[in-house]
Amino acid sequence: MPETRVLFRHIDDPQLATIEGYRRHDGYKALERAFRELDPSDLLAAFEDSGLRGRGGAGFSMGKKGSFLPRGEMRKYVCCNADESEPGAFKDRELMMKNPHQLIEGVAIASLAVGASHAFIFIRGEYWEVADILDRAVAEAYEANYLGPNVVNSGAKVELVVHRGAGAYICGEETALLDALEGKRGNPRLKPPFPAIEGLYGGPTLINNVETLSNLPHIVNNGANWFKSFGTEQSPGTKVVSVSGCVERPGNYEVELGIPSRELIFDLAGGPAEDRRVKAWFPGGSSSPVLTEAELDLPYTFEDLAEAGSMLGSGSIIVADDTVSVPELALRTARFYHHESCGKCTPCREGTNWTVKMLERITRGEATPMDLEIIASVQENIIGHCLCVLGDSMAMPVGAMVAKFRDEFEAAIEAARRPGAGDFDLSPIDRPLTTGVSAP
Amino acid sequence: MNERPQVTLVVDGLEVQATEGEMLVDAAKGGDVEIPVFCYEPKLGGPVGACRMCLVEIEGIPKLQTACSTPIRDGMVVYTGTDRVVEAQNAVVEFLLVNHPLDCPVCDKGGECPLQDIALGWGPGRSRVTDPKRHFRKPAPLSPLVRIDRERCILCYRCVRFSQEVAEDEQLQLLERGASSYVGTFDERPYIAPFHGNIIELCPVGALTAEAYRFRARPWDIEDAGSICTLCPSQCNVKFTVRDERVQRVLARDNHEVDNGWLCDKGRFGFQMISSEERITTPRLNGNRADWPTTVATAAQRLGSGERRIAAIVGGQVSNEEAYLVQRIVRGALGSPHVTSADELPAGPVARLSAPELGAAISEIESVESVLLIGADPLNSMPILDLRLRKAVRHSGLRLVVASERPTALDGGAEETARYAPGDSADFLTALAAELGPDPAPESPHAADAERLAGELRPGKTLVIWGERLGRGPRGETALGSLLEIVGALDCSAAGGGVFSVPDGSNARGAREVGCLPGSGPGFASVEDGRNLEAIKQGLTDGELDGVILLHADPVRDLPDGPGWARALNRARTVLSISCFEDASTKAADVVFPAEAYAEKEGTVTHPDGRLQRLRPSVPHPDDVRPIWQALAELAAALGHETEIDSAPEALDAIGAEVPFYAGLTPEEIGGTGVRWQDRPEASAWATPDHGSPEAATAASDPGTEPAEGLRLGTYRDLWAGEVTDRNVALRFLAPEQRVELAPADAERLGLGDGDEVEVRSNGTGVRARVQLRERLRPGAAYLIEGTATDNANVFSRVRSVEIEKR
Amino acid sequence: MSSEFRQPAHLIAPTDDLTAGERRRLIESMRPSDAEGVPELHEVDIPDELREQIEEMMSRYPQLRSASIPALWAVQRHYGWCSPEGIRQAAAVMGVTPAYLQSVASFYDLFATEPVGRHRVLVCTNISCWMRGGDGLLEAFCEASGADAHEASHHGASSPDGEFFVKGFECLGACDLAPMASIDARYYGPLDDDDAAAALDALRSGAEPLPDKALPKRAAAGGPEPTPDPRLEGTDVA
Ligand SMILES: Cc1cc2nc3c(=O)[nH]c(=O)nc-3n(C[C@H](O)[C@H](O)[C@H](O)COP(=O)(O)O)c2cc1C
Ligand code: SF4
Ligand code: FES
C-alpha cells in the first residue's frame with residue numbers, strides 16, 4: 001500500500017517553501033476564507049467534528065482542546081509545539097523545512113478559531129536551519145498580510161514569533177514549553193490549571209503540534225467529512241510517520257491511519273537488511289513500550305496500539321533487528337531520559353538516574369539477576385508518580401524490554417560476569433549505510 | 001477577607017470539616033491525619049508538586065494525587081494509607097535516599113530533620129541502593145553565615161523559591177539539570193542578601209546550616225523560648241534556642257499578623273551580642289565598677305540636685321515599662337518637662353495620626369487595593385515590611401506607589417514612583433495633599449509627580465505607610481500637617497486602607513504612647529511643654545540643663561550633629577546612661593546602669609501598627625545586670641517618688657492606669673501573639689488630644705545655602721550601619737564603609753567614577769567616602785550613610801549641600 | 001560510556017579538601033559586594049550591537065523575560081560561549097540577576113557555560129544513529145579533531161587547537177540521516193567515518209563541509225509512486 005499524501009502533497013516541489021510556490025498550490029486559500037467568511041466557533045466545531053487528534057503524542061482531540069479556552073475578549077495565545085525531540089521523531093522537521101507556509105496558515109487559523117492575537121512557534125534550537133526557513137516564511141507571510149495587525153483586512157490580529165529553544169527534550173512537554181517560552185528553565189508545571197485555562201503569561205493558551213496544525217488548512221478547505229474519509233473512525237486522517245533504525249529506507253512516510261504496521265516498515269521503509277529479522281520495534285517513539293516481531297501486523301492506529309499495551313505517540317517507528325542487544329537498547333533509552341529529566345520531581349530525577357546506573361552494571365558485568373527484579377520494580381515505582389510523563393516515558397519502554405526480553409538480559413548478565421569477559425561488547429555490527437534518495 | 005464556606009470530606013473514613021479551597025494536606029490535619037510533605041510550604045506561595053511525597057488516593061480519580069496541590073471539595077473521599085499510597089510513599093522515600101548520604105550522626109539537622117522523620121514514618125525501612133551516590137565538596141560556605149552541603153540536598157527547591165519569590169533577590173538558583181541539578185549562585189559568588197538566613201529554616205534536610213550553630217547543640221539538649229526581636233520596628237516573633245543559659249540560635253515563631261514567618265538576617269544572627277564579652281555587666285560610677293545601691297543612690301543625688309534642669313532621651317530599644325518609668329522619674333520625681341525619644345516627632349500631628357480609626361494592621365497590606373509608601377525604604381528600617389509588600393504585590397495584586405528621596409528596594413514592584421530632593425519632603429507632601437484635595441493645586445515643582453501618584457490612589461482603598469523621618473527637623477510639623485490632609489483626602493480608615501508609620505527605633509510607638517515626647521505625657525496627654533532634642537543639646541551645651549538620662553540612646557552616633565552631642569554630653573554636669581555596651585555616649589556618662597539585652601527583658605513593646613507584644617526573659621541576666629524597670633523604680637523611690645511598682649506586670653498596670661487606650665492590659669491578654677490596642681474595647685477611650693494644630697502647610701522651603709556645583713546632601717540609615725552589626729562578630733563583615741551615592745550624570749560632571757575615594761565636605765566638616773554610582777538616583781543629590789562606625793554622616797547638621805573632592 | 005554527573009570539577013573535589021583554615025579564609029574573603037544582584041549598565045561595558053540585539057529581542061515579547069533564551073543565544077554568538085561577563089552584560093540590559101540567566105543557560109544543552117572550540121560538531125549517538133554506527137562516527141570526529149573521546153561522549157570536548165568542539169548528542173531529530181551530525185548548526189548525513197576527517201578539513205579551510213550530504217539536499221524519502229487517490233481530486237492544496 002502506497003503513501004497517501006495530503007500534508008506531503010507537492011513535498012518535492014523545491015519552490016514549496018516560498019510563498020509563491022505555496023500559493024501556486026492554492027496556499028492560504030483556507031486562511032482567506034476562514035478570516036473573511038467563517039465564524040470562529042464554526043471553525044472549532046469543524047475541527048472537533050473532523051476527529052483530528054493531536055499528532056504530538058497525547059492524541060487528544062484538537063477541536064475539543066480548542067473549545068476548552070474561555071470565549072471573549074482577553075489575552076489568549078497559541079503555541080505551536082515544534083520541539084520534536086523524541087528519539088525517532090523527525091516528521092515536524094520535514095513539514096517545516098519543506099512546507100513552512102502550511103504550518104503558518106494552520107497557526108493563523110487556529111489563532112482565529114480560539115481568538116488569540118499572539119502565536120508562537122517553539123522550535124528546538126537544534127533545528128537552527130529549519131528555524132531560519134520558518135523566519136523567512138513568517139516574514140513573507142507578514143509581507144503578504146497573512147500575519148499582522150489586520151490579517152487579510154479582516155480586522156483580526158495575529159502576531160507570530162518563532163522562538164528557538166536551546167536543547168532540552170522536556171520543553172516539548174506543553175507546560176515546560178510555556179515556562180521556557182516565558183524565559184525560565186523548562187520545568188513542567190503542576191496541572192491543573194491546564195494551559196487552556198491558565199497558560200502562557202497566565203492567559204488561556206492552545207498548544208498543538210506542528211503536524212496537527214498543518215492539517216487545519218485542509219480541513220477548512222475540504223470539510224470535516226472529507227477528513228474523516230481517511231483513516232479509521234477513532235483515528236481519522238493521514239499521519240506522517242517517521243521510520244528509522246534498522247530499515248533500508250528510513251524516512252517520513254505519510255499514510256492513512258490504519259494501515260498494517262508491517263507495510264510501513266517493510267513496503268515503504270524497506271524493512272531490515274537482507275536476512276535480518278525484526279527483533280523489537282518502538283511504534284511511537286522511544287517512549288512507547290517496545291513491540292515484537294509477532295506484533296508487526298497491528299493496524300497503525302491510536303486505538304490498536306493502545307490495545308497492544310503500547311502507543312502511537314508522535315508516530316515514529318524505530319526498528320531494531322536481531323543484531324541489536326536489547327540490554328544496550330534499554331541502556332541507550334534510559335540514558336536519554338536520565339539526561340533529559342528536568343529534575344523537578346523526585347521519581348523521574350532519581351528513578352532515571354538509578355535505572356541507568358543499574359543497566360550500566362549489567363554491561364560491566366556487575367549485575368545479578370536480582371538487579372533485574374529491582375530494575376523492574378523501580379520502573380513500576382516511577383509510573384504514575386511523576387509530575388509529568390517523562391519519567392513514565394522511560395519506565396514504560398524499559399519495563400517492557402525487561403519483561404519481553406528477560407532471558408536476553410539474564411544471558412547478558414551471565415556473559416558479562418563470565419571470568420575474562422571484560423567489558424561486554426554490545427556495539428552493533430557494521431551494516432551498509434542507508435541509501436537516502438538525494439535530489440539532483 | 002471574604003469568608004469561604006465550610007465543607008465536609010472523608011479522610012481515611014473520618015469526617016473532616018474544613019474550608020473550601022484549602023489544600024488537602026492542611027485539611028487532613030484537621031482530622032489528625034498527617035500527610036508527609038517536603039516541597040510544600042505555603043509561606044513560599046502556591047504549591048509546586050515537585051517532591052511527590054504527598055501522593056494520596058482520591059475516590060473517582062484513577063491516578064494518585066498530590067495532596068499539597070489538591071484543593072478540597074465537599075464530599076471528597078480520600079485515602080492516605082491504602083497499599084497503592086503506601087507503595088508510592090515508600091517509592092518516593094527510597095528515591096530520595098538514592099543520593100542522600102546517611103550521615104545523620106554527624107548532621108546538624110539530626111533529630112529535627114523532616115527527612116529523618118518521614119523516612120522513619122513512611123519509608124520502606126530498607127535500602128536496595130548499591131550504586132555510588134553523587135559527590136560534592138561539603139560543606140561549602142554559601143555565605144559567611146550559611147553553609148551548604150549539596151550531597152544532602154533533596155532538591156525540594158524551597159531555598160531557591162524563597163530567593164525567587166519571597167525575597168526576590170534571585171541570587172540563589174538551581175544550576176544544571178535533572179539529577180545533576182544543584183543549588184548555587186552566579187559564578188560561585190556568595191549569596192549575601194538581607195533575608196537569606198531564612199533558607200536555613202526552610203531546608204528540610206541538613207543541606208543548609210547556620211555557620212554559627214553548626215555542632216553547637218543537639219535538639220534534645222536545647223530549650224526554646226518564645227519572645228520578640230526588638231532589633232528593629234518589625235518586632236518579629238522569635239524563638240530563642242537556649243543551651244547552657246546562652247542563646248545559640250534564633251528561629252522564626254510564625255505570626256502572620258506580624259512577620260509572615262520570616263526573619264531578617266539582623267534578627268536571626270544578631271544574638272551573639274547578648275553573650276558578648278563587651279557587654280557592660282555592672283553599674284559604674286565615674287568609670288569605676290560600683291554596686292547597685294551606691295550607684296542608684298548617687299544617681300538620685302546627682303539628678304535630684306538638678307531639679308527642673310534634667311532631661312531624658314529614650315532610644316528605640318526600650319520597653320514600654322522602661323520608657324514609662326523614665327518619663328515618670330523626670331516629670332514626676334524631678335518635675336522637669338524635658339522628656340523625648342530618639343524618634344522624636346511633633347506630638348500634635350503624630351497623635352492625630354495615631355488615632356484608632358486610622359490605624360491599619362500590617363496584615364491589611366494584603367487586602368487593600370493600593371499602598372502609598374512615602375519617605376521610607378522598609379528594607380533599611382523595617383525589613384520584614386519589605387517582604388510583606390513584595391508578597392502583596394506578587395500575590396494579591398497590590399498597587400504599590402512609592403515616593404522617596406532615594407530609590408527604594410521596592411521600586412521594581414511599584415506602579416508609580418516619584419523622587420524628590422533631600423529636604424523637599426515637606427514640599428512634596430504639600431503638593432500631593434493639594435493634588436488630592438478639593439481645590440485646584442497651587443503651583444509646585446512637584447505638581448506633575450503628585451498628579452501621577454494621585455492617579456493610582458483610590459480614596460477608601462488606600463493604605464498610607466509613612467516614614468517617621470518625614471516629621472523630623474524644622475519642617476516636620478508642616479510635613480505631617482500635609483500628611484494628615486492626604487490621609488483625610490484618601491479617607492483612610494481602619495475600615496478601608498488606614499495608616500501606619502515606619503520609625504527608626506524598634507519601640508518608637510510604644511515610647512511615645514507611654515509619654516516620651518515633649519509636651520505629651522502617657523496616652524498623649526497634654527502636659528507642660530519641654531525641650532526637643534535640638535533644645536536639649538543646646539541646653540546641655542550652654543549649661544541651661546544640668547544633666548540627661550540616656551536610656552538605650554546613643555545620640556552621638558544616632559542623632560544628627562554627633563559632634564555637637566559629644567560636646568553637649570561632656571559639658572553636662574551629670575549623665576546617666578543605661579546601656580548594654582560602652583558607646584560614644586556612655587563615654588561621657590558619670591553614672592552607668594548596665595542594660596538588659598532584649599532576650600533578658602520582661603515587659604511589653606508596641607508594634608508600629610499598635611500591636612502590643614510581650615518580651616519574655618529567655619536567658620538569665622549576666623553578672624550584675626538587673627531588670628531596668630526595677631532599677632528605675634528604685635531610682636524613683638530614692639528620689640522620694642514611690643511608684644509601688646514591684647514587677648514588670650505592675651509597671652504595665654501603672655501604664656494602663658495612665659494610658660486610657662492601654663487600660664487593663666495584662667501579659668496574659670497580650671499572650672504569645674499580641675493584641676492591637678485598636679482592637680480592644682478600651683480603644684474607645686481614645687480622645688485625640690489637642691496639642692495645638694500644626695502651622696498651615698506652606699509650599700515655601702527654607703532656602704539654605706546652595707553653592708553652584710554643590711549637591712544636595714541626603715543621609716539615610718543603612719540596614720547594617722549601627723551597633724547591632726558591630727557587636728555581632730558574625731555580622732561585622734556587613735558593616736558598610738561610608739560611600740557617597742551619586743547619579744552617573746553628576747559624577748561625570750564632577751569627573752568622578754565608581755569606587756573613587758573622595759572627601760564630602762560642607763563648611764569645614766567633611767567625611768571620607770567611596771563613590772557609588774546609581775542609575776536610579778535623582779540627579780543633583782548626594783547620599784551618605786548615617787550611623788557608620790567611622791565617617792558617620794551625622795557630623796553634618798542642618799547642612800543642605802556639599803562639595804565632593806577626589807582624595 | 002558511563003553517566004557521571006555533570007558538575008564543575010571544583011564541586012566534586014573530595015569532601016575533605018577544605019581545611020578549617022582554608023574554609024575560614026574563604027569565608028573571610030567574602031564581601032557583601034561580591035554578591036551579585038542586578039548589575040547596573042554602567043557596571044558592565046557591553047558592546048553596542050550585543051545590547052541592541054538583546055533590546056530588540058525584549059521588544060518582541062509581551063514579557064521581557066521571554067527574551068532570556070534569545071539573549072543567551074546572542075551572548076553565545078558574540079563570545080563563542082555564555083561567559084560570565086557576557087551573562088552579566090545581558091542581565092544588566094534585561095534588569096535580571098546574572099544568577100537567573102546562568103540558571104537558565106545551564107539548563108539547556110546548547111548553551112556552553114565553559115569555553116568551547118570554534119566549530120561545533122554534535123554527533124547523534126541516540127538509538128537510531130547508534131544502531132547505524134553513531135558511536136564509530138563520534139570516535140572518528142574525535143580522532144580527526146584530537147578531542148578526547150571519553151569527554152566527548154559525556155559533556156563534549158574541544159580539540160587541543162581550539163578549532164573544534166565535539167559532543168556525543170541525544171537524538172537530533174534526523175534519524176533518517178543516521179548516522180548524522182550537526183556541524184555549526186547544520187545537519188549532515190548519512191555519514192561514514194571517513195566523512196569526519198573530510199568535514200573538519202573543509203571547516204579548517206573555510207569551505208562548507210560535505211555539501212552533498214547537507215540536509216536541504218535530501219528529498220522526502222518517498223515510497224512507491226502513489227497511485228491517484230479520488231479523495232485528493234480537486235483538493236489541490238499544498
Ligand atoms: C516529555 C514530553 C515531551 C514531549 N515532546 C513533544 C514534542 O516534542 N512535540 C510535540 O508536539 N509534543 C510533545 N509532547 C506532547 C505535548 O505535551 C502536548 O501533548 C502536545 O504538544 C499537544 O499537541 P497535540 O495535541 O497537537 O499533540 C511531549 C510530552 C512530554 C510529556
Ligand atoms: S538545599 Fe535544602 S531547601 Fe534547598 S533544595 Fe536542597 S533540600 Fe531543598
Ligand atoms: S509536598 Fe506535595 S509534591 Fe512535595
# chains A, B, ... in the order shown; residues from 1 in each chain; ligands from 1
>>> residues_near_ligand(ligand="ligand 1", cutoff="8 Å", atoms="only C-alpha atoms and all ligand atoms", output="MDAnalysis selection string")
chainID A and resid 53:62 65 80:86 169:175 207:213 314 388:391 393
>>> residues_near_ligand(ligand="ligand 2", cutoff="6 Å", atoms="only C-alpha atoms and all ligand atoms", output="list of chain:residue names")
B:Cys153, B:Ile154, B:Leu155, B:Cys156, B:Tyr157, B:Arg158, B:Cys159, B:Leu202, B:Cys203, B:Pro204, B:Val205, B:Ala207, B:Leu208
>>> residues_around(residues="Asp131 in chain B", least_positions_apart="5", cutoff="10 Å", atoms="only C-alpha atoms", output="PyMOL selection string")
(chain A and resi 354+357-358+361) or (chain B and resi 98-99)
>>> residues_near_ligand(ligand="ligand 3", cutoff="6 Å", atoms="only C-alpha atoms and all ligand atoms", output="PyMOL selection string")
chain B and resi 37-40+49-54+66-68
>>> closest_atom_pairs(of="chain A", to="chain B", cutoff="10 Å", atoms="only C-alpha atoms", output="tab-separated table")
residue	atom	partner	partner_atom	distance
A:Ala168	CA	B:Arg177	CA	9.5
A:Arg185	CA	B:Arg177	CA	9.0
A:Gly186	CA	B:Arg177	CA	9.7
A:Asn187	CA	B:Arg177	CA	9.8
A:Pro188	CA	B:Ala50	CA	9.7
A:Arg189	CA	B:Val48	CA	7.5
A:Leu190	CA	B:Gly49	CA	6.3
A:Lys191	CA	B:Ser69	CA	9.3
A:Pro192	CA	B:Ser69	CA	9.1
A:Tyr337	CA	B:Gly178	CA	9.5
A:His338	CA	B:Gly178	CA	7.3
A:His339	CA	B:Gly178	CA	6.9
A:Glu340	CA	B:Gly178	CA	6.8
A:Ser341	CA	B:Gly178	CA	4.8
A:Cys342	CA	B:Gly178	CA	4.4
A:Gly343	CA	B:Gly178	CA	3.5
A:Lys344	CA	B:Ala50	CA	5.6
A:Cys345	CA	B:Ala50	CA	4.4
A:Thr346	CA	B:Cys51	CA	5.2
A:Pro347	CA	B:Phe95	CA	6.2
A:Cys348	CA	B:Gly178	CA	8.6
A:Arg349	CA	B:Ala179	CA	5.3
A:Glu350	CA	B:Phe95	CA	5.5
A:Gly351	CA	B:Phe95	CA	6.5
A:Thr352	CA	B:Ala179	CA	8.5
A:Asn353	CA	B:Ala179	CA	6.7
A:Trp354	CA	B:Val98	CA	7.3
A:Lys357	CA	B:Asp131	CA	6.8
A:Met358	CA	B:Asp131	CA	7.6
A:Arg361	CA	B:Asp131	CA	9.0
A:Asp371	CA	B:Arg128	CA	9.3
A:Ile374	CA	B:Arg128	CA	7.8
A:Ser377	CA	B:Ala91	CA	9.5
A:Val378	CA	B:Ala91	CA	8.0
A:Glu380	CA	B:Ala91	CA	9.3
A:Asn381	CA	B:Ala91	CA	5.7
A:Ile382	CA	B:Ala91	CA	8.0
A:Ile383	CA	B:Ala88	CA	9.9
A:Gly384	CA	B:Lys63	CA	6.6
A:His385	CA	B:Arg52	CA	7.0
A:Cys386	CA	B:Arg52	CA	7.1
A:Leu387	CA	B:Ala50	CA	6.7
>>> atom_distance(atom1="CA of Gly755 in chain B", atom2="CA of Ala743 in chain B")
13.3 Å
>>> closest_residue(among="C:Gly168, C:Pro98, C:Gly136, C:Gly86", to="chain B", atoms="only C-alpha atoms")
C:Pro98
>>> closest_atom_pairs(of="range 130-184 of chain A", to="range 53-57 of chain C", cutoff="12 Å", atoms="only C-alpha atoms", output="Markdown table")
| residue | atom | partner | partner_atom | distance |
| --- | --- | --- | --- | --- |
| A:Val161 | CA | C:Met57 | CA | 10.6 |
| A:Val162 | CA | C:Met57 | CA | 11.5 |
| A:His163 | CA | C:Met57 | CA | 10.3 |
| A:Arg164 | CA | C:Met57 | CA | 11.9 |
| A:Gly183 | CA | C:Met57 | CA | 11.7 |
>>> closest_residue(among="C:Ala220, C:Met180, C:Val96, C:Ile87", to="Ser128 in chain C", atoms="only C-alpha atoms")
C:Met180
>>> residues_around(residues="Asp135 in chain C", least_positions_apart="3", cutoff="9 Å", atoms="only C-alpha atoms", output="mmCIF file with C-alpha atoms, in the first residue's frame")
data_model
loop_
_atom_site.group_PDB
_atom_site.id
_atom_site.type_symbol
_atom_site.label_atom_id
_atom_site.label_comp_id
_atom_site.auth_asym_id
_atom_site.auth_seq_id
_atom_site.Cartn_x
_atom_site.Cartn_y
_atom_site.Cartn_z
ATOM 1 C CA SER A 427 28.248 -2.377 19.963
ATOM 2 C CA VAL C 123 27.180 13.672 16.744
ATOM 3 C CA CYS C 124 23.944 11.842 17.444
ATOM 4 C CA THR C 125 24.545 8.681 19.475
ATOM 5 C CA CYS C 129 22.034 6.605 14.942
ATOM 6 C CA TRP C 130 23.699 4.226 17.373
ATOM 7 C CA MET C 131 22.188 1.289 15.540
ATOM 8 C CA ARG C 132 23.730 2.635 12.353
ATOM 9 C CA LEU C 138 31.775 10.147 17.092
ATOM 10 C CA GLU C 139 35.127 8.438 17.561
ATOM 11 C CA ALA C 140 36.064 9.346 14.004
ATOM 12 C CA SER C 153 30.856 11.178 24.763
ATOM 13 C CA GLY C 168 28.015 12.955 21.505
ATOM 14 C CA PRO C 179 24.331 8.239 11.419
#
>>> atom_distance(atom1="CA of Gly106 in chain A", atom2="CA of Ser316 in chain A")
22.2 Å
>>> residues_around(residues="Tyr188 in chain C", least_positions_apart="2", cutoff="10 Å", atoms="only C-alpha atoms", output="MDAnalysis selection string")
chainID C and resid 123 174 177:183 185:186 190:191 195 199 209:218
>>> select_by_dssp(residues="range 219-304 of chain A", states="helix (DSSP H, G or I)", output="PyMOL selection string")
chain A and resi 219-228+261-268+293-295+302-304
>>> residues_around(residues="range 371-386 of chain B", least_positions_apart="5", cutoff="6 Å", atoms="only C-alpha atoms", output="list in words")
Pro233, Ser234, Leu400, Val401, Val402, Ala403, Ser404, Thr408, Thr462, Leu463, Val464, Ile465, Trp466, Gly467, Asp504, Asp718 and Leu719 of chain B
>>> write_last_selection(atoms="C-alpha atoms", output="short mmCIF file (atom, residue, chain, number, x, y, z; two decimals), in the first residue's frame")
data_model
loop_
_atom_site.label_atom_id
_atom_site.label_comp_id
_atom_site.auth_asym_id
_atom_site.auth_seq_id
_atom_site.Cartn_x
_atom_site.Cartn_y
_atom_site.Cartn_z
CA PRO B 233 10.41 48.02 64.40
CA SER B 234 9.30 44.84 62.65
CA LEU B 400 2.26 49.99 45.20
CA VAL B 401 3.09 53.67 44.91
CA VAL B 402 6.42 54.89 46.21
CA ALA B 403 7.57 58.45 46.89
CA SER B 404 11.02 58.90 48.36
CA THR B 408 13.90 52.10 47.46
CA THR B 462 -5.51 53.04 50.11
CA LEU B 463 -3.15 52.32 52.97
CA VAL B 464 -0.60 55.02 53.72
CA ILE B 465 2.77 53.94 55.09
CA TRP B 466 4.93 56.89 56.04
CA GLY B 467 8.49 57.12 57.20
CA ASP B 504 13.81 54.03 63.11
CA ASP B 718 21.55 51.57 56.12
CA LEU B 719 20.23 48.28 57.47
#
>>> interface_residues(of="chain B", to="chain C", cutoff="10 Å", atoms="only C-alpha atoms", output="number ranges by chain")
B: 134-146, 149-151, 164, 169-193, 412, 733-736, 744, 754, 773-776
>>> closest_residue(among="A:Ser310, A:Thr232, A:Gln15, A:Thr368", to="chain C", atoms="only C-alpha atoms")
A:Gln15
>>> atom_distance(atom1="CA of Leu178 in chain A", atom2="CA of Ser163 in chain B")
21.7 Å
>>> interface_residues(of="chain A", to="chain C", cutoff="6 Å", atoms="only C-alpha atoms", output="ChimeraX atom specification")
/A:2-3,9,25-26,87,89-90,128,166-168,181-183,185,244-245,250-251,268,438-439
>>> select_by_dssp(residues="range 6-179 of chain C", states="strand (DSSP E or B)", output="VMD selection string")
chain C and resid 119 to 124 157 to 158 164 to 169
